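*Asks:* File work-v6.cif follows (mmCIF, C-alpha atoms):
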```cif
data_entry
loop_
_atom_site.label_atom_id
_atom_site.label_comp_id
_atom_site.auth_asym_id
_atom_site.auth_seq_id
_atom_site.Cartn_x
_atom_site.Cartn_y
_atom_site.Cartn_z
CA MET A 916 -12.58 15.18 -27.59
CA ILE A 917 -12.82 12.18 -25.24
CA ARG A 918 -14.74 9.13 -26.53
CA TYR A 919 -15.61 5.94 -24.66
CA LEU A 920 -15.62 2.89 -26.94
CA LYS A 921 -16.26 0.58 -23.98
CA THR A 922 -17.48 1.26 -20.46
CA GLY A 923 -17.66 -0.95 -17.41
CA MET A 924 -20.00 -1.40 -14.47
CA SER A 925 -21.92 1.68 -13.38
CA ALA A 926 -20.83 3.60 -10.30
CA GLU A 927 -24.22 2.87 -8.74
CA GLN A 928 -23.79 -0.90 -9.06
CA ALA A 929 -20.25 -0.74 -7.69
CA ALA A 930 -21.48 1.30 -4.70
CA SER A 931 -24.18 -1.27 -4.01
CA ASP A 932 -21.59 -4.06 -3.98
CA ASP A 933 -19.39 -2.03 -1.62
CA ALA A 934 -22.26 -1.59 0.82
CA LYS A 935 -22.77 -5.35 1.06
CA VAL A 936 -19.09 -5.86 1.78
CA ARG A 937 -19.15 -3.19 4.52
CA GLY A 938 -21.92 -4.91 6.43
CA ILE A 939 -20.31 -8.33 6.33
CA VAL A 940 -16.92 -7.03 7.44
CA GLU A 941 -18.36 -4.94 10.29
CA SER A 942 -20.12 -8.01 11.69
CA MET A 943 -17.00 -10.17 11.41
CA LEU A 944 -14.74 -7.66 13.13
CA ALA A 945 -17.23 -7.24 15.97
CA GLU A 946 -17.23 -11.02 16.51
CA ILE A 947 -13.44 -11.23 16.45
CA GLY A 948 -13.18 -8.35 18.89
CA ALA A 949 -15.65 -9.99 21.26
CA ARG A 950 -14.69 -13.66 21.02
CA GLY A 951 -11.07 -13.70 19.84
CA ASP A 952 -9.66 -17.05 18.82
CA ALA A 953 -13.04 -18.79 18.83
CA ALA A 954 -14.44 -16.40 16.23
CA VAL A 955 -11.28 -16.53 14.14
CA ARG A 956 -11.38 -20.32 14.11
CA GLU A 957 -15.06 -20.40 13.13
CA TYR A 958 -14.56 -17.99 10.22
CA SER A 959 -11.47 -19.82 9.01
CA ALA A 960 -13.27 -23.16 9.08
CA LYS A 961 -16.30 -21.73 7.29
CA LEU A 962 -14.53 -19.64 4.65
CA ASP A 963 -11.28 -21.54 4.08
CA GLN A 964 -12.07 -24.99 5.47
CA TRP A 965 -9.02 -24.54 7.66
CA ALA A 966 -8.95 -25.01 11.45
CA PRO A 967 -5.63 -26.51 12.63
CA ALA A 968 -4.63 -26.86 16.26
CA SER A 969 -2.52 -23.70 15.84
CA PHE A 970 -2.58 -21.19 13.02
CA ARG A 971 1.04 -20.26 13.76
CA LEU A 972 3.63 -22.41 11.99
CA THR A 973 6.41 -24.04 13.96
CA ARG A 974 10.03 -24.03 12.82
CA GLU A 975 9.62 -27.65 11.74
CA GLN A 976 6.60 -26.81 9.60
CA ILE A 977 8.47 -23.92 7.98
CA GLU A 978 11.44 -26.16 7.19
CA ALA A 979 9.07 -28.67 5.61
CA CYS A 980 7.92 -25.95 3.21
CA TYR A 981 11.53 -25.40 2.10
CA ARG A 982 11.79 -29.10 1.24
CA GLU A 983 8.79 -28.79 -1.09
CA LEU A 984 10.48 -26.18 -3.29
CA THR A 985 13.20 -26.68 -5.87
CA PRO A 986 16.57 -24.98 -5.34
CA GLN A 987 15.77 -22.80 -8.36
CA ALA A 988 12.49 -21.62 -6.81
CA ILE A 989 14.27 -20.71 -3.57
CA GLU A 990 17.00 -18.89 -5.49
CA ASP A 991 14.38 -16.96 -7.51
CA ILE A 992 12.68 -15.86 -4.29
CA ARG A 993 16.06 -14.76 -2.87
CA PHE A 994 16.81 -12.77 -6.05
CA ALA A 995 13.45 -10.97 -5.98
CA GLN A 996 13.84 -10.14 -2.30
CA GLN A 997 17.33 -8.76 -2.88
CA GLN A 998 15.96 -6.34 -5.48
CA VAL A 999 13.20 -5.20 -3.11
CA ARG A 1000 15.65 -4.95 -0.21
CA ASN A 1001 18.17 -2.94 -2.27
CA PHE A 1002 15.63 -0.34 -3.33
CA ALA A 1003 14.04 -0.17 0.13
CA GLN A 1004 17.49 0.45 1.63
CA ILE A 1005 18.15 3.23 -0.89
CA GLN A 1006 14.84 4.80 0.15
CA ARG A 1007 15.68 4.40 3.85
CA ASP A 1008 19.07 6.03 3.33
CA SER A 1009 17.36 9.03 1.76
CA MET A 1010 15.51 9.70 5.02
CA ARG A 1011 17.74 11.21 7.65
CA ASP A 1012 17.32 12.38 11.18
CA VAL A 1013 17.90 16.12 11.54
CA GLU A 1014 18.93 18.46 14.32
CA VAL A 1015 19.52 22.16 13.69
CA GLU A 1016 19.94 25.37 15.66
CA THR A 1017 17.15 27.52 14.18
CA LEU A 1018 17.71 30.50 16.52
CA PRO A 1019 20.60 31.16 18.88
CA GLY A 1020 20.15 28.63 21.68
CA VAL A 1021 17.11 26.92 20.06
CA ILE A 1022 17.54 23.33 18.81
CA LEU A 1023 14.88 21.61 16.69
CA GLY A 1024 15.07 18.12 15.28
CA HIS A 1025 13.28 15.02 14.18
CA ARG A 1026 13.90 11.28 14.39
CA ASN A 1027 12.59 8.60 12.06
CA ILE A 1028 11.38 5.90 14.44
CA PRO A 1029 10.11 2.49 13.25
CA VAL A 1030 6.72 1.36 14.51
CA ASN A 1031 7.04 -1.43 17.08
CA SER A 1032 4.96 -4.13 15.42
CA VAL A 1033 3.50 -4.73 11.97
CA GLY A 1034 1.13 -7.35 10.62
CA CYS A 1035 1.68 -8.20 6.94
CA TYR A 1036 -1.20 -9.72 4.99
CA VAL A 1037 -0.19 -11.83 2.00
CA PRO A 1038 -3.08 -12.82 -0.32
CA GLY A 1039 -3.04 -16.45 -1.36
CA GLY A 1040 -6.49 -17.96 -1.62
CA LYS A 1041 -6.87 -17.82 -5.41
CA TYR A 1042 -3.19 -17.44 -6.34
CA PRO A 1043 -0.25 -17.91 -3.94
CA LEU A 1044 1.03 -14.33 -4.15
CA VAL A 1045 4.61 -14.97 -3.10
CA ALA A 1046 5.70 -11.45 -4.09
CA SER A 1047 3.49 -9.81 -1.47
CA ALA A 1048 5.71 -11.30 1.22
CA HIS A 1049 8.74 -9.51 -0.25
CA MET A 1050 6.94 -6.21 -0.55
CA SER A 1051 5.69 -6.04 3.03
CA VAL A 1052 7.97 -8.11 5.26
CA VAL A 1053 11.28 -7.17 3.60
CA THR A 1054 10.39 -3.48 3.54
CA ALA A 1055 9.30 -3.46 7.19
CA LYS A 1056 12.52 -5.14 8.23
CA VAL A 1057 14.63 -2.64 6.26
CA ALA A 1058 12.76 0.10 8.12
CA GLY A 1059 13.81 -1.52 11.41
CA VAL A 1060 10.45 -2.81 12.70
CA PRO A 1061 11.27 -5.11 15.67
CA ARG A 1062 8.25 -7.44 15.37
CA VAL A 1063 6.87 -8.36 11.96
CA ILE A 1064 4.20 -11.04 11.71
CA ALA A 1065 2.79 -12.40 8.48
CA CYS A 1066 -0.49 -14.08 7.57
CA ALA A 1067 -1.53 -15.86 4.40
CA PRO A 1068 -4.54 -18.08 3.80
CA PRO A 1069 -4.18 -21.79 3.08
CA PHE A 1070 -3.81 -22.69 -0.57
CA GLN A 1071 -5.58 -25.81 -1.73
CA GLY A 1072 -6.16 -26.91 1.84
CA ARG A 1073 -2.67 -26.44 3.29
CA PRO A 1074 0.07 -23.85 3.81
CA ALA A 1075 1.39 -22.50 0.50
CA PRO A 1076 5.05 -23.59 0.58
CA ALA A 1077 6.38 -20.77 -1.59
CA ILE A 1078 4.61 -18.09 0.46
CA VAL A 1079 5.87 -19.56 3.73
CA VAL A 1080 9.44 -19.72 2.45
CA ALA A 1081 9.21 -16.15 1.15
CA MET A 1082 7.90 -14.93 4.52
CA ASP A 1083 10.72 -16.71 6.33
CA LEU A 1084 13.47 -15.51 4.00
CA ALA A 1085 12.08 -11.99 4.29
CA GLY A 1086 12.55 -12.10 8.06
CA ALA A 1087 9.04 -12.57 9.48
CA ASP A 1088 9.14 -13.16 13.23
CA GLU A 1089 5.84 -15.06 13.32
CA ILE A 1090 4.13 -16.85 10.42
CA TYR A 1091 0.43 -17.73 10.46
CA VAL A 1092 -1.66 -19.65 7.95
CA LEU A 1093 -4.80 -17.55 8.22
CA GLY A 1094 -6.67 -15.57 5.60
CA GLY A 1095 -9.19 -12.86 4.90
CA VAL A 1096 -10.96 -10.63 7.38
CA GLN A 1097 -10.24 -13.09 10.17
CA ALA A 1098 -6.49 -12.66 9.64
CA VAL A 1099 -6.65 -8.87 9.48
CA GLY A 1100 -8.94 -8.73 12.51
CA ALA A 1101 -6.73 -11.05 14.56
CA MET A 1102 -3.55 -9.09 13.77
CA ALA A 1103 -5.18 -5.73 14.44
CA LEU A 1104 -7.33 -6.50 17.48
CA GLY A 1105 -5.37 -9.37 18.96
CA THR A 1106 -6.67 -12.67 20.29
CA GLU A 1107 -5.66 -15.03 23.06
CA SER A 1108 -2.97 -16.53 20.79
CA ILE A 1109 -1.99 -13.58 18.56
CA ALA A 1110 -0.66 -10.39 20.12
CA PRO A 1111 -2.04 -7.28 18.37
CA CYS A 1112 0.01 -5.18 15.97
CA ASP A 1113 0.32 -1.43 15.70
CA MET A 1114 -0.05 -1.43 11.92
CA ILE A 1115 -1.48 -3.67 9.19
CA VAL A 1116 -0.14 -3.66 5.64
CA GLY A 1117 -0.58 -5.59 2.42
CA PRO A 1118 -3.02 -5.94 -0.47
CA GLY A 1119 -6.11 -8.11 -0.56
CA ASN A 1120 -9.59 -8.54 -1.92
CA ALA A 1121 -12.50 -6.18 -1.30
CA TYR A 1122 -13.16 -7.73 2.14
CA VAL A 1123 -9.56 -7.34 3.28
CA ALA A 1124 -9.46 -3.75 2.04
CA GLU A 1125 -12.72 -2.97 3.85
CA ALA A 1126 -11.44 -4.55 7.07
CA LYS A 1127 -8.39 -2.28 6.95
CA ARG A 1128 -10.62 0.72 6.30
CA GLN A 1129 -12.83 -0.04 9.30
CA LEU A 1130 -9.87 -0.71 11.59
CA TYR A 1131 -7.93 2.40 10.57
CA GLY A 1132 -7.56 4.65 13.58
CA ARG A 1133 -7.39 1.81 16.05
CA ILE A 1134 -4.31 0.71 14.13
CA GLY A 1135 -2.31 2.23 11.33
CA ILE A 1136 -2.51 0.95 7.78
CA ASP A 1137 -0.34 1.38 4.72
CA LEU A 1138 -3.11 2.41 2.30
CA PHE A 1139 -6.36 1.16 0.85
CA ALA A 1140 -5.12 -1.55 -1.52
CA GLY A 1141 -8.19 -3.26 -2.92
CA PRO A 1142 -8.72 -5.14 -6.18
CA THR A 1143 -5.96 -4.63 -8.73
CA GLU A 1144 -6.34 -1.82 -11.28
CA THR A 1145 -4.41 -1.23 -14.47
CA LEU A 1146 -4.37 1.60 -16.99
CA VAL A 1147 -2.57 1.19 -20.29
CA ILE A 1148 -1.70 4.48 -22.01
CA ALA A 1149 -0.67 3.84 -25.59
CA ASP A 1150 -0.36 5.44 -29.00
CA GLU A 1151 0.27 4.22 -32.54
CA THR A 1152 3.88 3.26 -31.73
CA VAL A 1153 2.71 -0.04 -30.21
CA ASP A 1154 0.29 -2.75 -31.28
CA GLY A 1155 -2.91 -4.24 -29.97
CA GLU A 1156 -1.33 -7.57 -29.06
CA LEU A 1157 0.98 -5.92 -26.53
CA CYS A 1158 -1.78 -3.69 -25.12
CA ALA A 1159 -4.15 -6.65 -24.73
CA ALA A 1160 -1.48 -8.71 -22.95
CA ASP A 1161 -0.85 -5.91 -20.47
CA LEU A 1162 -4.56 -5.39 -19.83
CA LEU A 1163 -5.35 -9.08 -19.31
CA GLY A 1164 -2.18 -9.66 -17.29
CA GLN A 1165 -3.76 -7.60 -14.52
CA ALA A 1166 -7.42 -8.43 -15.17
CA GLU A 1167 -6.66 -12.04 -14.22
CA HIS A 1168 -6.21 -10.92 -10.59
CA GLY A 1169 -9.96 -11.06 -10.02
CA THR A 1170 -13.37 -10.57 -11.56
CA ASN A 1171 -13.57 -7.04 -10.13
CA SER A 1172 -10.18 -5.81 -11.39
CA PRO A 1173 -10.53 -2.74 -13.65
CA ALA A 1174 -8.46 -2.73 -16.85
CA VAL A 1175 -8.52 0.45 -18.96
CA LEU A 1176 -6.98 1.34 -22.31
CA LEU A 1177 -6.40 5.06 -22.88
CA THR A 1178 -5.17 6.01 -26.34
CA ASN A 1179 -5.15 8.72 -28.99
CA SER A 1180 -5.51 6.12 -31.76
CA GLU A 1181 -8.96 4.71 -32.49
CA GLU A 1182 -7.33 2.17 -34.78
CA LEU A 1183 -5.22 0.87 -31.86
CA ALA A 1184 -8.28 0.90 -29.59
CA ARG A 1185 -10.27 -1.35 -31.91
CA GLU A 1186 -7.28 -3.59 -32.63
CA THR A 1187 -6.74 -4.01 -28.89
CA MET A 1188 -10.38 -4.90 -28.23
CA ALA A 1189 -10.20 -7.59 -30.91
CA GLU A 1190 -6.91 -8.86 -29.45
CA VAL A 1191 -8.44 -9.04 -25.97
CA GLU A 1192 -11.16 -11.34 -27.27
CA ARG A 1193 -8.61 -13.51 -29.09
CA GLN A 1194 -6.28 -13.79 -26.10
CA LEU A 1195 -9.12 -14.58 -23.72
CA GLU A 1196 -9.72 -17.77 -25.71
CA ILE A 1197 -6.20 -19.06 -25.03
CA LEU A 1198 -5.34 -17.53 -21.63
CA PRO A 1199 -5.49 -20.21 -18.90
CA THR A 1200 -6.98 -17.63 -16.51
CA GLY A 1201 -9.26 -16.31 -19.23
CA GLU A 1202 -12.49 -17.01 -17.37
CA ILE A 1203 -11.56 -14.63 -14.56
CA ALA A 1204 -10.03 -12.03 -16.88
CA ALA A 1205 -13.07 -12.14 -19.20
CA LYS A 1206 -15.44 -11.34 -16.35
CA ALA A 1207 -13.23 -8.46 -15.20
CA TRP A 1208 -12.99 -7.11 -18.75
CA ALA A 1209 -16.75 -7.39 -19.32
CA ASP A 1210 -17.71 -5.68 -16.07
CA TYR A 1211 -14.83 -3.28 -15.43
CA GLY A 1212 -12.93 -2.89 -18.71
CA GLN A 1213 -12.90 0.46 -20.49
CA VAL A 1214 -11.51 1.78 -23.76
CA ILE A 1215 -11.11 5.56 -23.99
CA VAL A 1216 -9.94 7.51 -27.05
CA CYS A 1217 -8.57 11.04 -26.78
CA ASP A 1218 -7.22 13.47 -29.35
CA THR A 1219 -4.08 14.67 -27.55
CA TYR A 1220 -1.51 13.73 -24.92
CA GLU A 1221 -2.86 16.55 -22.78
CA GLU A 1222 -6.35 15.02 -22.83
CA MET A 1223 -4.85 11.64 -21.98
CA VAL A 1224 -3.08 13.10 -18.94
CA LYS A 1225 -6.32 14.73 -17.78
CA VAL A 1226 -8.27 11.47 -18.05
CA ALA A 1227 -5.46 9.44 -16.49
CA ASP A 1228 -5.29 11.75 -13.47
CA GLU A 1229 -9.07 11.48 -13.06
CA ILE A 1230 -8.85 7.69 -13.11
CA ALA A 1231 -5.89 7.74 -10.65
CA SER A 1232 -5.08 4.11 -11.39
CA GLU A 1233 -2.97 1.82 -9.27
CA HIS A 1234 -0.76 0.72 -12.20
CA VAL A 1235 -0.13 2.89 -15.25
CA GLN A 1236 1.67 1.29 -18.20
CA VAL A 1237 2.83 3.99 -20.64
CA MET A 1238 3.73 2.87 -24.16
CA THR A 1239 4.00 5.99 -26.30
CA LYS A 1240 6.66 7.71 -28.38
CA ASP A 1241 7.31 10.07 -25.42
CA PRO A 1242 6.60 8.22 -22.15
CA ASP A 1243 8.48 10.87 -20.17
CA PHE A 1244 5.71 13.35 -21.06
CA PHE A 1245 3.46 11.37 -18.73
CA LEU A 1246 6.16 11.12 -16.06
CA ARG A 1247 6.52 14.90 -16.13
CA ASN A 1248 2.83 15.73 -16.22
CA MET A 1249 0.83 13.02 -14.44
CA THR A 1250 0.17 13.50 -10.72
CA ASN A 1251 -2.26 10.73 -9.72
CA TYR A 1252 -0.98 7.16 -10.00
CA GLY A 1253 0.30 4.33 -7.85
CA ALA A 1254 3.28 3.44 -10.04
CA LEU A 1255 4.36 4.23 -13.59
CA PHE A 1256 5.82 1.65 -15.98
CA LEU A 1257 7.51 3.63 -18.71
CA GLY A 1258 8.02 2.18 -22.17
CA GLU A 1259 7.14 -1.11 -23.79
CA LYS A 1260 10.27 -2.87 -22.47
CA THR A 1261 8.92 -2.92 -18.93
CA ASN A 1262 5.49 -3.84 -17.61
CA VAL A 1263 3.40 -4.15 -14.46
CA SER A 1264 4.37 -7.79 -13.96
CA TYR A 1265 8.02 -6.78 -13.48
CA GLY A 1266 6.96 -4.42 -10.71
CA ASP A 1267 4.59 -6.98 -9.22
CA LYS A 1268 7.19 -9.72 -8.95
CA VAL A 1269 10.84 -8.86 -9.13
CA ILE A 1270 12.27 -5.53 -10.30
CA GLY A 1271 12.41 -3.91 -6.85
CA THR A 1272 9.72 -1.23 -6.64
CA ASN A 1273 6.90 -2.05 -4.24
CA HIS A 1274 3.72 -3.59 -5.63
CA THR A 1275 1.40 -2.62 -2.78
CA LEU A 1276 -0.17 0.46 -4.33
CA PRO A 1277 -3.22 2.72 -3.88
CA THR A 1278 -6.52 1.78 -5.53
CA LYS A 1279 -9.98 3.33 -5.85
CA LYS A 1280 -8.54 6.78 -6.56
CA ALA A 1281 -6.47 6.84 -3.36
CA ALA A 1282 -3.52 7.77 -5.60
CA ARG A 1283 -4.89 11.31 -5.42
CA TYR A 1284 -3.43 11.61 -1.91
CA THR A 1285 -0.96 8.79 -1.29
CA GLY A 1286 1.76 6.81 -2.96
CA GLY A 1287 2.36 3.11 -2.45
CA LEU A 1288 3.92 1.10 0.33
CA TRP A 1289 7.56 1.99 0.95
CA VAL A 1290 10.03 1.98 3.78
CA GLY A 1291 8.82 5.39 4.97
CA LYS A 1292 5.35 4.00 5.73
CA PHE A 1293 6.85 2.04 8.62
CA LEU A 1294 8.56 5.08 10.13
CA LYS A 1295 7.16 7.80 12.37
CA THR A 1296 8.90 11.13 11.87
CA CYS A 1297 8.79 12.55 15.39
CA THR A 1298 9.99 16.02 16.30
CA TYR A 1299 11.74 17.31 19.41
CA GLN A 1300 13.02 20.64 20.70
CA ARG A 1301 15.61 21.85 23.16
CA VAL A 1302 16.27 25.40 24.42
CA LEU A 1303 19.85 25.81 25.60
CA THR A 1304 20.05 29.25 27.21
CA PRO A 1305 17.96 31.50 29.48
CA GLU A 1306 18.18 34.24 26.86
CA ALA A 1307 16.72 31.98 24.16
CA SER A 1308 13.85 30.88 26.40
CA ALA A 1309 12.96 34.45 27.31
CA PHE A 1310 13.21 35.59 23.69
CA VAL A 1311 10.84 32.90 22.40
CA GLY A 1312 8.67 33.25 25.50
CA GLU A 1313 7.81 36.90 24.84
CA TYR A 1314 6.52 36.06 21.35
CA CYS A 1315 4.65 33.03 22.70
CA SER A 1316 3.03 35.08 25.46
CA ARG A 1317 1.61 37.64 23.05
CA LEU A 1318 0.40 34.96 20.63
CA CYS A 1319 -1.33 33.05 23.43
CA ALA A 1320 -3.08 36.26 24.52
CA LEU A 1321 -4.22 36.75 20.94
CA GLU A 1322 -5.98 33.37 21.15
CA GLY A 1323 -7.29 33.78 24.68
CA PHE A 1324 -5.28 30.88 26.12
CA ALA A 1325 -4.40 32.05 29.63
CA GLY A 1326 -2.80 28.79 30.74
CA HIS A 1327 -0.66 28.58 27.63
CA LYS A 1328 0.35 32.20 28.19
CA GLU A 1329 1.44 31.50 31.75
CA GLN A 1330 3.69 28.66 30.55
CA ALA A 1331 5.58 31.27 28.55
CA ASP A 1332 5.32 34.06 31.10
CA ILE A 1333 6.81 32.09 33.99
CA ARG A 1334 9.93 31.46 31.93
CA VAL A 1335 10.20 35.07 30.84
CA ARG A 1336 9.99 36.16 34.48
CA ARG A 1337 12.64 33.66 35.54
CA TYR A 1338 15.07 33.99 32.67
CA LYS A 1339 14.79 37.66 31.70
CA GLY A 1340 13.93 39.26 35.00
CA GLY A 1341 11.08 41.68 35.51
CA THR A 1342 7.55 40.94 34.35
CA VAL A 1343 5.63 40.48 31.15
CA ALA A 1344 2.89 42.98 30.53
CA GLY A 1345 -0.41 41.74 31.91
CA ALA A 1346 1.11 38.62 33.50
CA ARG A 1347 0.98 37.54 37.12
CA ALA A 1348 2.30 34.41 38.73
CA THR A 1349 -0.49 31.94 39.30
CA GLY A 1350 1.06 30.39 42.41
#
```
Would you write the structure of this file as structure tokens?
*Replies:*
Amino acid sequence: MIRYLKTGMSAEQAASDDAKVRGIVESMLAEIGARGDAAVREYSAKLDQWAPASFRLTREQIEACYRELTPQAIEDIRFAQQQVRNFAQIQRDSMRDVEVETLPGVILGHRNIPVNSVGCYVPGGKYPLVASAHMSVVTAKVAGVPRVIACAPPFQGRPAPAIVVAMDLAGADEIYVLGGVQAVGAMALGTESIAPCDMIVGPGNAYVAEAKRQLYGRIGIDLFAGPTETLVIADETVDGELCAADLLGQAEHGTNSPAVLLTNSEELARETMAEVERQLEILPTGEIAAKAWADYGQVIVCDTYEEMVKVADEIASEHVQVMTKDPDFFLRNMTNYGALFLGEKTNVSYGDKVIGTNHTLPTKKAARYTGGLWVGKFLKTCTYQRVLTPEASAFVGEYCSRLCALEGFAGHKEQADIRVRRYKGGTVAGARATG
């Protein structure tokens, strides 16, 4: 039996909030599309109090950001990027071009081709999310994208030095201090000063996620990565202090970040809820996390692992922290999640910051149909074919001719028939040359 000890905001209220966001974003994108730089500058001044002569940083400005960081901070960024780069390269190496002779004289193949240009959004208004630069820029460069540009909002009224350094070390070709919908719109639609990109990637708040949703089709996107979500799956083998820390560690992202405990132990559930309240009193970001927990936090108690898997797949959370006596049960049986963090010795923060897996992951149940950002997202797998001999063309052509007739496609049929006539000799039943 599944029991809810705590529930969050109703689906109706969440839908109402989403509708407000949609309207605001639609209006902003229309303005950016119509007025370019002027609209971008107005929105940046209004929303971020930021309107420099140029949003793009010069080499001198980038070097100044390096001077603001300690050698240890720069080394830490390099270390994190090396882990991301290593795993992205392993993923890239797993994807190979293929070419095979499927019938005598018939060659089929595919190539994995990088997109030509990518815009990477790095959130940084509330927290300077340095790690998002690694996850997007590094991965795009490993994929072989020729032009990678990166945008992050100003932090406390100026470029965030750590973000800028991370973007530069990752290999960004252009770096802009620009945030929110105005950044996404500028990268996707282009302005007088920013050439448009073919694809936009990176996490962000509800407005950034909605902008990507509305632009999808005109440009490609990685996935719908909205407010952070976390699901902690735990049993009696762990304690409430650990569960509460892992819930609040993600709830601090924003006041609309869902944090859910799923357990088969009511004792652990109640211990965790008490621990959440205790930790909120001492957590420096407790005000944000408390609002997220009050409005979006849930505590769900099940009887069995099987019930827990069922509920977890229905939730389809971005992050799933599994702390049970048999975490591999969930690895074997769960199908809907952004990323799994198996066992109490790891946690979502490792994945967010340094361990090497990508932290841009699907939210709002998108894990039902997509995984997270990875090197393959920047590649187009494009097929080709080659027919080497007259005999092969005539052989395939006879099948194609009959199948086209079955569908009533006369023009398609003639494409096949003309080759059968030329390469086999004679005629195909019912076919006549059109010329």
*Asks:* Considering all atoms listed in the file, state which residue in the set A:Asp933, A:Glu1125, A:Glu1192, A:Glu1322 is at the smallest distance from Gly1100 in chain A.
*Replies:* A:Glu1125
*Asks:* Within 10 Å of Tyr1220 in chain A, counting only C-alpha atoms, which residues qualify if same-chain residues fewer than 2 places away don't, as a PyMOL selection string?
*Replies:* chain A and resi 1148-1150+1178-1179+1217-1218+1222-1226+1239+1241+1244-1245+1248
*Asks:* Selection in question (the file shown): the PyMOL selection byres ((chain A and resi 1140) around 7). Which residues does it include, as a VMD selection string?
*Replies:* chain A and resid 1118 to 1119 1124 1138 to 1139 1141 to 1142 1275 to 1278
*Asks:* Under the rule that all atoms listed in the file are counted, which of A:Gly1323, A:Gly1094, A:Pro1043, A:Pro1199 is the nearest residue to Glu1167 in chain A?
*Replies:*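 The shortest atom-to-atom distance to Glu1167 in chain A comes from A:Pro1199.
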*Asks:* Name all residues at most 7 Å from Arg1283 in chain A (count only C-alpha atoms; drop same-chain ones fewer than 3 positions away) and give them as a PDB file with C-alpha atoms, keeping the file's coordinate frame.
*Replies:*
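Dumped everything to result39.pdb:
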```
ATOM      1  CA  ALA A1231      -5.890   7.740 -10.650  1.00  0.00           C
ATOM      2  CA  ASN A1251      -2.260  10.730  -9.720  1.00  0.00           C
ATOM      3  CA  LYS A1280      -8.540   6.780  -6.560  1.00  0.00           C
TER       4      LYS A1280
END
```
*Asks:* Write out as lines of an AutoDock Vina configuration file an axis-aligned box for range 1101-1109 of chain A: all of its atoms listed in the file, 4 Å added on each side, centre and edge lengths in Å with one decimal.
*Replies:*
```
center_x = -4.7
center_y = -11.1
center_z = 18.4
size_x = 13.3
size_y = 18.8
size_z = 17.3
```
*Asks:* Enumerate, as a VMD selection string, the residues matched when the PyMOL selection byres ((chain A and resi 1190) around 9) is run on the file above.
*Replies:* chain A and resid 1155 to 1160 1185 to 1189 1191 to 1195
*Asks:* Written as a PDB file with C-alpha atoms, keeping the file's coordinate frame, what is the full residue list that the PyMOL selection byres ((chain A and resi 992) around 9) yields on the file shown?
*Replies:*
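Done, and the output landed in result37.pdb:
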```pdb
ATOM      1  CA  GLN A 987      15.770 -22.800  -8.360  1.00  0.00           C
ATOM      2  CA  ALA A 988      12.490 -21.620  -6.810  1.00  0.00           C
ATOM      3  CA  ILE A 989      14.270 -20.710  -3.570  1.00  0.00           C
ATOM      4  CA  GLU A 990      17.000 -18.890  -5.490  1.00  0.00           C
ATOM      5  CA  ASP A 991      14.380 -16.960  -7.510  1.00  0.00           C
ATOM      6  CA  ARG A 993      16.060 -14.760  -2.870  1.00  0.00           C
ATOM      7  CA  PHE A 994      16.810 -12.770  -6.050  1.00  0.00           C
ATOM      8  CA  ALA A 995      13.450 -10.970  -5.980  1.00  0.00           C
ATOM      9  CA  GLN A 996      13.840 -10.140  -2.300  1.00  0.00           C
ATOM     10  CA  GLN A 997      17.330  -8.760  -2.880  1.00  0.00           C
ATOM     11  CA  VAL A1045       4.610 -14.970  -3.100  1.00  0.00           C
ATOM     12  CA  ALA A1046       5.700 -11.450  -4.090  1.00  0.00           C
ATOM     13  CA  HIS A1049       8.740  -9.510  -0.250  1.00  0.00           C
ATOM     14  CA  ALA A1077       6.380 -20.770  -1.590  1.00  0.00           C
ATOM     15  CA  VAL A1080       9.440 -19.720   2.450  1.00  0.00           C
ATOM     16  CA  ALA A1081       9.210 -16.150   1.150  1.00  0.00           C
ATOM     17  CA  LEU A1084      13.470 -15.510   4.000  1.00  0.00           C
ATOM     18  CA  VAL A1269      10.840  -8.860  -9.130  1.00  0.00           C
TER      19      VAL A1269
END
```
*Asks:* Interatomic distance between CA of Glu1016 in chain A and CA of Cys1315 in chain A?
*Replies:* 18.5 Å
*Asks:* I need the residue nearest Val1263 in chain A from this list: A:His1234, A:Lys1279, A:Arg974, A:Lys1292. Use all atoms listed in the file for the distance.
*Replies:*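 Result for the nearest residue to Val1263 in chain A: A:His1234.
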*Asks:* At a cut-off of 9 Å, using all atoms listed in the file, what residues contact Gln1006 in chain A? Leave out same-chain residues fewer than 3 positions from it and give the result as a list in words.
*Replies:*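 Using all atoms listed in the file, the neighbours found are Asn1001, Phe1002, Ala1003, Ser1009, Met1010, Trp1289, Val1290 and Gly1291 of chain A.
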*Asks:* Using C-alpha atoms, can you export the residues from the last selection as a PDB file, in the frame of the given file?
*Replies:*
```pdb
ATOM      1  CA  ASN A1001      18.170  -2.940  -2.270  1.00  0.00           C
ATOM      2  CA  PHE A1002      15.630  -0.340  -3.330  1.00  0.00           C
ATOM      3  CA  ALA A1003      14.040  -0.170   0.130  1.00  0.00           C
ATOM      4  CA  SER A1009      17.360   9.030   1.760  1.00  0.00           C
ATOM      5  CA  MET A1010      15.510   9.700   5.020  1.00  0.00           C
ATOM      6  CA  TRP A1289       7.560   1.990   0.950  1.00  0.00           C
ATOM      7  CA  VAL A1290      10.030   1.980   3.780  1.00  0.00           C
ATOM      8  CA  GLY A1291       8.820   5.390   4.970  1.00  0.00           C
TER       9      GLY A1291
END
```
*Asks:* Calculated over all atoms listed in the file, which of the candidates A:Pro1068, A:Gly1039, A:Pro1019, A:Gly1086 has the smallest distance to Tyr958 in chain A?
*Replies:*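 Residue with the minimum atom-to-atom distance to Tyr958 in chain A: A:Pro1068.
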